[in-house]
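Asks: Contents of model-v7.pdb (PDB, C-alpha atoms) are given next:
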MODEL        1
ATOM      1  CA  GLU A 148       0.000   0.000   0.000
ATOM      2  CA  ALA A 149       1.395   3.381  -1.015
ATOM      3  CA  GLY A 150       1.730   5.906   1.739
ATOM      4  CA  VAL A 151       0.878   9.589   1.745
ATOM      5  CA  VAL A 152       2.685  11.330  -1.100
ATOM      6  CA  GLN A 153       3.769  14.954  -1.012
ATOM      7  CA  SER A 154       5.536  17.196  -3.484
ATOM      8  CA  PRO A 155       7.779  18.990  -3.748
ATOM      9  CA  ARG A 156      10.036  17.670  -0.990
ATOM     10  CA  TYR A 157      12.003  20.902  -0.800
ATOM     11  CA  LYS A 158      11.216  24.447  -1.881
ATOM     12  CA  ILE A 159      13.261  27.629  -1.613
ATOM     13  CA  ILE A 160      11.574  30.919  -2.476
ATOM     14  CA  GLU A 161      12.069  34.590  -1.849
ATOM     15  CA  LYS A 162       9.707  36.396   0.501
ATOM     16  CA  LYS A 163       6.535  37.776  -1.058
ATOM     17  CA  GLN A 164       6.523  34.993  -3.655
ATOM     18  CA  PRO A 165       3.678  32.449  -3.843
ATOM     19  CA  VAL A 166       4.192  28.733  -3.185
ATOM     20  CA  ALA A 167       2.003  25.643  -3.386
ATOM     21  CA  PHE A 168       2.266  22.191  -1.871
ATOM     22  CA  TRP A 169       0.509  19.065  -3.093
ATOM     23  CA  CYS A 170      -0.661  15.989  -1.189
ATOM     24  CA  ASN A 171      -2.050  12.646  -2.303
ATOM     25  CA  PRO A 172      -3.495  10.723   0.654
ATOM     26  CA  ILE A 173      -3.649   6.968   1.145
ATOM     27  CA  SER A 174      -6.308   5.471  -1.097
ATOM     28  CA  GLY A 175      -9.665   5.288   0.642
ATOM     29  CA  HIS A 176      -8.787   7.757   3.383
ATOM     30  CA  ASN A 177     -11.581  10.280   3.733
ATOM     31  CA  THR A 178      -9.886  12.606   6.199
ATOM     32  CA  LEU A 179      -6.910  14.731   5.211
ATOM     33  CA  TYR A 180      -4.845  17.019   7.414
ATOM     34  CA  TRP A 181      -2.262  19.704   6.816
ATOM     35  CA  TYR A 182       0.204  20.312   9.655
ATOM     36  CA  LEU A 183       2.989  22.809  10.170
ATOM     37  CA  GLN A 184       6.139  21.628  11.939
ATOM     38  CA  ASN A 185       8.717  24.140  13.087
ATOM     39  CA  LEU A 186      12.223  22.948  13.900
ATOM     40  CA  GLY A 187      12.363  21.119  17.216
ATOM     41  CA  GLN A 188       8.612  21.205  17.764
ATOM     42  CA  GLY A 189       5.631  18.933  17.302
ATOM     43  CA  PRO A 190       3.296  19.287  14.322
ATOM     44  CA  GLU A 191       0.472  21.812  14.595
ATOM     45  CA  LEU A 192      -2.777  21.388  12.705
ATOM     46  CA  LEU A 193      -3.542  23.957  10.008
ATOM     47  CA  ILE A 194      -6.640  22.449   8.411
ATOM     48  CA  ARG A 195      -8.650  19.214   8.394
ATOM     49  CA  TYR A 196     -10.810  17.942   5.568
ATOM     50  CA  GLU A 197     -13.622  15.413   5.679
ATOM     51  CA  ASN A 198     -13.904  14.484   2.010
ATOM     52  CA  GLU A 199     -14.167  17.831   0.210
ATOM     53  CA  GLU A 200     -15.252  19.826   3.248
ATOM     54  CA  ALA A 201     -12.859  21.812   5.424
ATOM     55  CA  VAL A 202     -14.253  21.013   8.876
ATOM     56  CA  ASP A 203     -11.534  22.664  10.972
ATOM     57  CA  ASP A 204      -9.516  25.575   9.588
ATOM     58  CA  SER A 205      -9.364  27.608  12.769
ATOM     59  CA  GLN A 206      -5.536  27.544  12.811
ATOM     60  CA  LEU A 207      -5.087  28.492   9.149
ATOM     61  CA  PRO A 208      -3.852  32.103   8.660
ATOM     62  CA  LYS A 209      -6.470  32.942   6.097
ATOM     63  CA  ASP A 210      -4.944  36.235   5.037
ATOM     64  CA  ARG A 211      -2.150  34.413   3.215
ATOM     65  CA  PHE A 212      -2.890  30.684   3.374
ATOM     66  CA  SER A 213      -5.492  28.805   1.369
ATOM     67  CA  ALA A 214      -6.227  25.152   0.781
ATOM     68  CA  GLU A 215      -8.481  23.033  -1.339
ATOM     69  CA  ARG A 216      -9.369  19.387  -1.708
ATOM     70  CA  LEU A 217     -11.228  19.015  -4.945
ATOM     71  CA  LYS A 218     -13.081  15.712  -5.479
ATOM     72  CA  GLY A 219     -12.170  14.698  -1.946
ATOM     73  CA  VAL A 220      -8.823  13.127  -2.837
ATOM     74  CA  ASP A 221      -5.727  15.242  -3.546
ATOM     75  CA  SER A 222      -5.189  18.499  -1.726
ATOM     76  CA  THR A 223      -3.208  21.673  -2.328
ATOM     77  CA  LEU A 224      -1.988  24.148   0.274
ATOM     78  CA  LYS A 225      -0.986  27.592  -0.943
ATOM     79  CA  ILE A 226       0.808  30.527   0.625
ATOM     80  CA  GLN A 227       0.632  33.948  -1.017
ATOM     81  CA  PRO A 228       2.659  35.965  -0.277
ATOM     82  CA  ALA A 229       5.229  33.969   1.692
ATOM     83  CA  GLU A 230       6.958  35.538   4.692
ATOM     84  CA  LEU A 231      10.280  34.667   6.334
ATOM     85  CA  GLY A 232       8.423  33.164   9.293
ATOM     86  CA  ASP A 233       6.715  30.622   7.037
ATOM     87  CA  SER A 234       9.953  28.638   6.773
ATOM     88  CA  ALA A 235       9.051  25.212   8.193
ATOM     89  CA  VAL A 236       8.087  21.688   7.199
ATOM     90  CA  TYR A 237       4.544  21.297   5.905
ATOM     91  CA  LEU A 238       3.201  17.832   6.615
ATOM     92  CA  CYS A 239       0.158  16.180   5.108
ATOM     93  CA  ALA A 240      -1.550  13.277   6.864
ATOM     94  CA  SER A 241      -4.568  11.115   6.158
ATOM     95  CA  SER A 242      -6.849   8.722   8.004
ATOM     96  CA  LEU A 243      -9.837   6.544   7.194
ATOM     97  CA  ASP A 244     -12.016   8.881   9.220
ATOM     98  CA  SER A 245     -11.522  11.513  11.903
ATOM     99  CA  GLY A 246     -11.255   8.937  14.700
ATOM    100  CA  SER A 247      -8.704   6.659  13.046
ATOM    101  CA  GLU A 248      -4.933   6.494  12.984
ATOM    102  CA  GLN A 249      -3.231   9.285  11.074
ATOM    103  CA  TYR A 250      -0.423   8.522   8.648
ATOM    104  CA  PHE A 251       1.977  11.230   7.618
ATOM    105  CA  GLY A 252       3.633  12.078   4.353
ATOM    106  CA  PRO A 253       7.347  12.952   4.099
ATOM    107  CA  GLY A 254       6.630  16.676   4.225
ATOM    108  CA  THR A 255       7.717  19.679   2.201
ATOM    109  CA  ARG A 256      10.571  21.683   3.678
ATOM    110  CA  LEU A 257       9.989  25.346   2.818
ATOM    111  CA  THR A 258      12.751  27.919   3.081
ATOM    112  CA  VAL A 259      11.801  31.554   2.578
ATOM    113  CA  THR A 260      14.771  33.884   1.983
TER
ATOM    114  CA  GLY B 265      -7.142  25.646  25.441
ATOM    115  CA  GLU B 266      -6.049  22.127  24.610
ATOM    116  CA  ASN B 267      -2.504  21.368  25.665
ATOM    117  CA  VAL B 268      -0.150  18.380  25.867
ATOM    118  CA  GLU B 269       2.973  18.572  28.014
ATOM    119  CA  GLN B 270       5.789  16.102  27.357
ATOM    120  CA  HIS B 271       8.817  15.273  29.523
ATOM    121  CA  PRO B 272      11.735  14.968  29.397
ATOM    122  CA  SER B 273      12.820  17.001  26.379
ATOM    123  CA  THR B 274      15.990  14.920  26.054
ATOM    124  CA  LEU B 275      16.775  11.434  27.312
ATOM    125  CA  SER B 276      20.049   9.532  27.068
ATOM    126  CA  VAL B 277      20.245   5.837  27.990
ATOM    127  CA  GLN B 278      22.673   2.995  27.582
ATOM    128  CA  GLU B 279      21.832   0.280  25.097
ATOM    129  CA  GLY B 280      19.742  -2.370  26.809
ATOM    130  CA  ASP B 281      18.305  -0.015  29.403
ATOM    131  CA  SER B 282      14.677   1.108  29.521
ATOM    132  CA  ALA B 283      13.374   4.539  28.504
ATOM    133  CA  VAL B 284      10.213   6.218  29.764
ATOM    134  CA  ILE B 285       8.587   9.334  28.302
ATOM    135  CA  LYS B 286       5.637  10.969  30.034
ATOM    136  CA  CYS B 287       2.831  13.199  28.809
ATOM    137  CA  THR B 288      -0.063  15.006  30.413
ATOM    138  CA  TYR B 289      -3.079  16.438  28.622
ATOM    139  CA  SER B 290      -5.615  19.097  29.508
ATOM    140  CA  ASP B 291      -8.749  18.231  27.509
ATOM    141  CA  SER B 292     -10.841  15.748  29.469
ATOM    142  CA  ALA B 293     -12.669  14.844  26.232
ATOM    143  CA  SER B 294      -9.463  13.332  24.799
ATOM    144  CA  ASN B 295      -9.939   9.656  24.011
ATOM    145  CA  TYR B 296      -7.119   8.736  21.634
ATOM    146  CA  PHE B 297      -3.388   8.874  22.428
ATOM    147  CA  PRO B 298      -0.863   7.979  19.718
ATOM    148  CA  TRP B 299       2.918   8.024  19.879
ATOM    149  CA  TYR B 300       5.043   8.946  16.882
ATOM    150  CA  LYS B 301       8.735   8.370  16.203
ATOM    151  CA  GLN B 302      10.489  10.849  13.941
ATOM    152  CA  GLU B 303      14.004  10.344  12.667
ATOM    153  CA  LEU B 304      15.955  13.327  11.393
ATOM    154  CA  GLY B 305      14.487  14.601   8.137
ATOM    155  CA  LYS B 306      11.856  11.857   8.034
ATOM    156  CA  ARG B 307       8.100  11.710   8.491
ATOM    157  CA  PRO B 308       6.524  11.052  11.907
ATOM    158  CA  GLN B 309       5.756   7.327  12.119
ATOM    159  CA  LEU B 310       3.023   5.905  14.319
ATOM    160  CA  ILE B 311       4.578   3.342  16.665
ATOM    161  CA  ILE B 312       1.794   2.635  19.126
ATOM    162  CA  ASP B 313      -1.500   4.136  20.242
ATOM    163  CA  ILE B 314      -4.056   3.659  22.990
ATOM    164  CA  ARG B 315      -7.704   4.543  23.373
ATOM    165  CA  SER B 316      -9.406   5.635  26.558
ATOM    166  CA  ASN B 317     -11.193   2.339  27.143
ATOM    167  CA  VAL B 318      -7.939   0.543  28.004
ATOM    168  CA  GLY B 319      -5.217   1.268  30.521
ATOM    169  CA  GLU B 320      -2.233  -0.403  28.900
ATOM    170  CA  LYS B 321      -1.134  -1.685  25.520
ATOM    171  CA  LYS B 322       2.038  -3.522  24.588
ATOM    172  CA  ASP B 323       3.756  -4.284  21.302
ATOM    173  CA  GLN B 324       7.026  -6.205  21.678
ATOM    174  CA  ARG B 325       9.492  -3.796  23.359
ATOM    175  CA  ILE B 326       7.093  -0.851  23.387
ATOM    176  CA  ALA B 327       4.251  -0.256  25.814
ATOM    177  CA  VAL B 328       1.936   2.641  26.561
ATOM    178  CA  THR B 329       0.010   3.233  29.784
ATOM    179  CA  LEU B 330      -2.904   5.593  30.311
ATOM    180  CA  ASN B 331      -4.282   7.075  33.513
ATOM    181  CA  LYS B 332      -7.435   8.968  32.545
ATOM    182  CA  THR B 333      -8.130  10.171  36.066
ATOM    183  CA  ALA B 334      -4.774  11.900  36.267
ATOM    184  CA  LYS B 335      -4.712  12.731  32.533
ATOM    185  CA  HIS B 336      -1.320  11.071  32.162
ATOM    186  CA  PHE B 337       0.014   8.663  29.584
ATOM    187  CA  SER B 338       3.490   7.234  29.142
ATOM    188  CA  LEU B 339       5.649   5.429  26.600
ATOM    189  CA  HIS B 340       7.924   2.652  27.820
ATOM    190  CA  ILE B 341      10.689   1.216  25.664
ATOM    191  CA  THR B 342      12.535  -1.793  27.040
ATOM    192  CA  GLU B 343      15.870  -3.267  25.918
ATOM    193  CA  THR B 344      16.680  -0.105  23.982
ATOM    194  CA  GLN B 345      18.767  -0.352  20.826
ATOM    195  CA  PRO B 346      20.756   2.332  18.943
ATOM    196  CA  GLU B 347      18.095   2.332  16.213
ATOM    197  CA  ASP B 348      15.577   3.545  18.797
ATOM    198  CA  SER B 349      17.396   6.894  18.772
ATOM    199  CA  ALA B 350      14.976   9.505  17.405
ATOM    200  CA  VAL B 351      12.532  12.201  18.476
ATOM    201  CA  TYR B 352       9.355  10.827  20.036
ATOM    202  CA  PHE B 353       6.091  12.775  20.093
ATOM    203  CA  CYS B 354       3.011  12.041  22.140
ATOM    204  CA  ALA B 355      -0.356  13.381  21.050
ATOM    205  CA  ALA B 356      -3.959  13.473  22.203
ATOM    206  CA  SER B 357      -7.241  13.934  20.399
ATOM    207  CA  SER B 358     -10.958  13.769  21.009
ATOM    208  CA  TYR B 359     -13.645  12.566  18.592
ATOM    209  CA  THR B 360     -12.782  15.449  16.203
ATOM    210  CA  GLY B 361      -9.499  13.803  15.276
ATOM    211  CA  LYS B 362      -7.532  16.989  15.875
ATOM    212  CA  LEU B 363      -4.200  15.800  17.265
ATOM    213  CA  ILE B 364      -2.504  18.019  19.833
ATOM    214  CA  PHE B 365       1.173  17.106  19.963
ATOM    215  CA  GLY B 366       3.645  17.351  22.802
ATOM    216  CA  GLN B 367       6.925  19.168  22.387
ATOM    217  CA  GLY B 368       8.909  16.020  21.646
ATOM    218  CA  THR B 369      11.594  13.985  23.417
ATOM    219  CA  THR B 370      14.974  13.421  21.814
ATOM    220  CA  LEU B 371      16.064   9.899  22.786
ATOM    221  CA  GLN B 372      19.696   8.937  22.433
ATOM    222  CA  VAL B 373      20.657   5.300  22.936
ATOM    223  CA  LYS B 374      24.382   4.916  23.487
ATOM    224  CA  PRO B 375      25.952   1.673  22.237
TER
ENDMDL
END
Any chance you could give the structure as structure tokens?
Replies:
Amino acid sequence: EAGVVQSPRYKIIEKKQPVAFWCNPISGHNTLYWYLQNLGQGPELLIRYENEEAVDDSQLPKDRFSAERLKGVDSTLKIQPAELGDSAVYLCASSLDSGSEQYFGPGTRLTVT
Amino acid sequence: GENVEQHPSTLSVQEGDSAVIKCTYSDSASNYFPWYKQELGKRPQLIIDIRSNVGEKKDQRIAVTLNKTAKHFSLHITETQPEDSAVYFCAASSYTGKLIFGQGTTLQVKP
């Protein structure tokens, strides 16, 4: 069984530029999560999807961050414009449903210069 | 708000010794407690989890205990090996599935 796939694995951009991350969850997993992980810290939830619906986006900085999960499968997380403080690892995870085990992708390491 | 405290932040043990990592949580509605292992530059990997209807769960050298009254749960690793060296995260969630992670414990197993 393929795990959660994310791309790109690494991204370096200048501040004020836009950036997008892509996630393909495990087949059959209805719930998809985007987390932010700063160096030396645990992941923090940005947004949770149940199928196509964003059911918890309370931690998403909506002035610059946006996300979508069209057709309830793949998801894209976008930042526009990026700031220096956005440098971090962006992790995608998926689970069968909101009460099941979450499996993480390899993450995208973003560096904003 | 919801919070998970994890201790210690670093732990160094000799190969073959046991390691214990402890977490406390604040949300009494929490009912699911997973533990993740994260090696440098890699994804967090689920190693064991426990739900609130049990007090202990064991999988080979790894065990987790839960005390719901005290809102404590712990990870126990016996007969540690160098490949156990990594950062370990505890987490807690309620029915919403929103995981609240602890700050992480860096475990070093010395050969």
Asks: Can you tell me, as a ChimeraX atom specification, what residues are no more than 8 Å from segment 157-172 of chain A when counting only C-alpha atoms, ignoring any on the same chain fewer than 2 positions away?
Replies: /A:150-155,174,176,179,220-231,239-241,255-260
Asks: For chain A, which of B:Ala334, B:Ile312, B:Leu339, B:Val277 is the closest residue, counting only C-alpha atoms?
Replies: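 Of B:Ala334, B:Ile312, B:Leu339, B:Val277, the one nearest chain A, counting only C-alpha atoms, is B:Ile312.
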Asks: Name the closest residue to chain A among the candidates B:Ser316, B:Gln367, B:Thr333, B:Ser290; distances are taken between atoms, counting all atoms listed in the file.
Replies: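 So, comparing all the options, the nearest one is B:Gln367.
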Asks: To test your reading of the syntax: which residues would the PyMOL selection byres ((chain B) within 12 of (chain A)) return for the file shown? Reply as a VMD selection string.
Replies: chain B and resid 266 to 270 273 to 274 294 to 315 350 to 370
Asks: On this structure, the PyMOL selection byres ((chain B and resi 342) around 12) would catch which residues? List them as a PyMOL selection string, sorted by chain and number.
Replies: chain B and resi 277-285+322-328+339-341+343-345+348+373
Asks: Just C-alpha atoms for this one: save the residues we selected as a CSV table (one decimal), in the frame of the given file.
Replies:
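Contents of part_28.csv, freshly written:
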chain,number,residue,atom,x,y,z
B,277,VAL,CA,20.2,5.8,28.0
B,278,GLN,CA,22.7,3.0,27.6
B,279,GLU,CA,21.8,0.3,25.1
B,280,GLY,CA,19.7,-2.4,26.8
B,281,ASP,CA,18.3,0.0,29.4
B,282,SER,CA,14.7,1.1,29.5
B,283,ALA,CA,13.4,4.5,28.5
B,284,VAL,CA,10.2,6.2,29.8
B,285,ILE,CA,8.6,9.3,28.3
B,322,LYS,CA,2.0,-3.5,24.6
B,323,ASP,CA,3.8,-4.3,21.3
B,324,GLN,CA,7.0,-6.2,21.7
B,325,ARG,CA,9.5,-3.8,23.4
B,326,ILE,CA,7.1,-0.9,23.4
B,327,ALA,CA,4.3,-0.3,25.8
B,328,VAL,CA,1.9,2.6,26.6
B,339,LEU,CA,5.6,5.4,26.6
B,340,HIS,CA,7.9,2.7,27.8
B,341,ILE,CA,10.7,1.2,25.7
B,343,GLU,CA,15.9,-3.3,25.9
B,344,THR,CA,16.7,-0.1,24.0
B,345,GLN,CA,18.8,-0.4,20.8
B,348,ASP,CA,15.6,3.5,18.8
B,373,VAL,CA,20.7,5.3,22.9
Asks: Would you mind reading off the distance between atom CA of Tyr289 of chain B and atom CA of Leu330 of chain B, one decimal, in Å?
Replies: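 These atoms are spaced 11.0 Å apart.
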Asks: So what do you get for atom CA of Leu243 of chain A versus atom CA of Leu186 of chain A, distance-wise?
Replies: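 That distance, rounded to one decimal, is 28.3 Å.
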Asks: What is the distance between atom CA of Cys287 of chain B and atom CA of Lys335 of chain B, in Å to one decimal?
Replies: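 Between atom CA of Cys287 of chain B and atom CA of Lys335 of chain B the gap is 8.4 Å.
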Asks: Check which residues satisfy the PyMOL selection byres ((chain A and resi 219) around 8) in the file shown, then give them as a VMD selection string.
Replies: chain A and resid 177 197 to 200 216 to 218 220 to 222
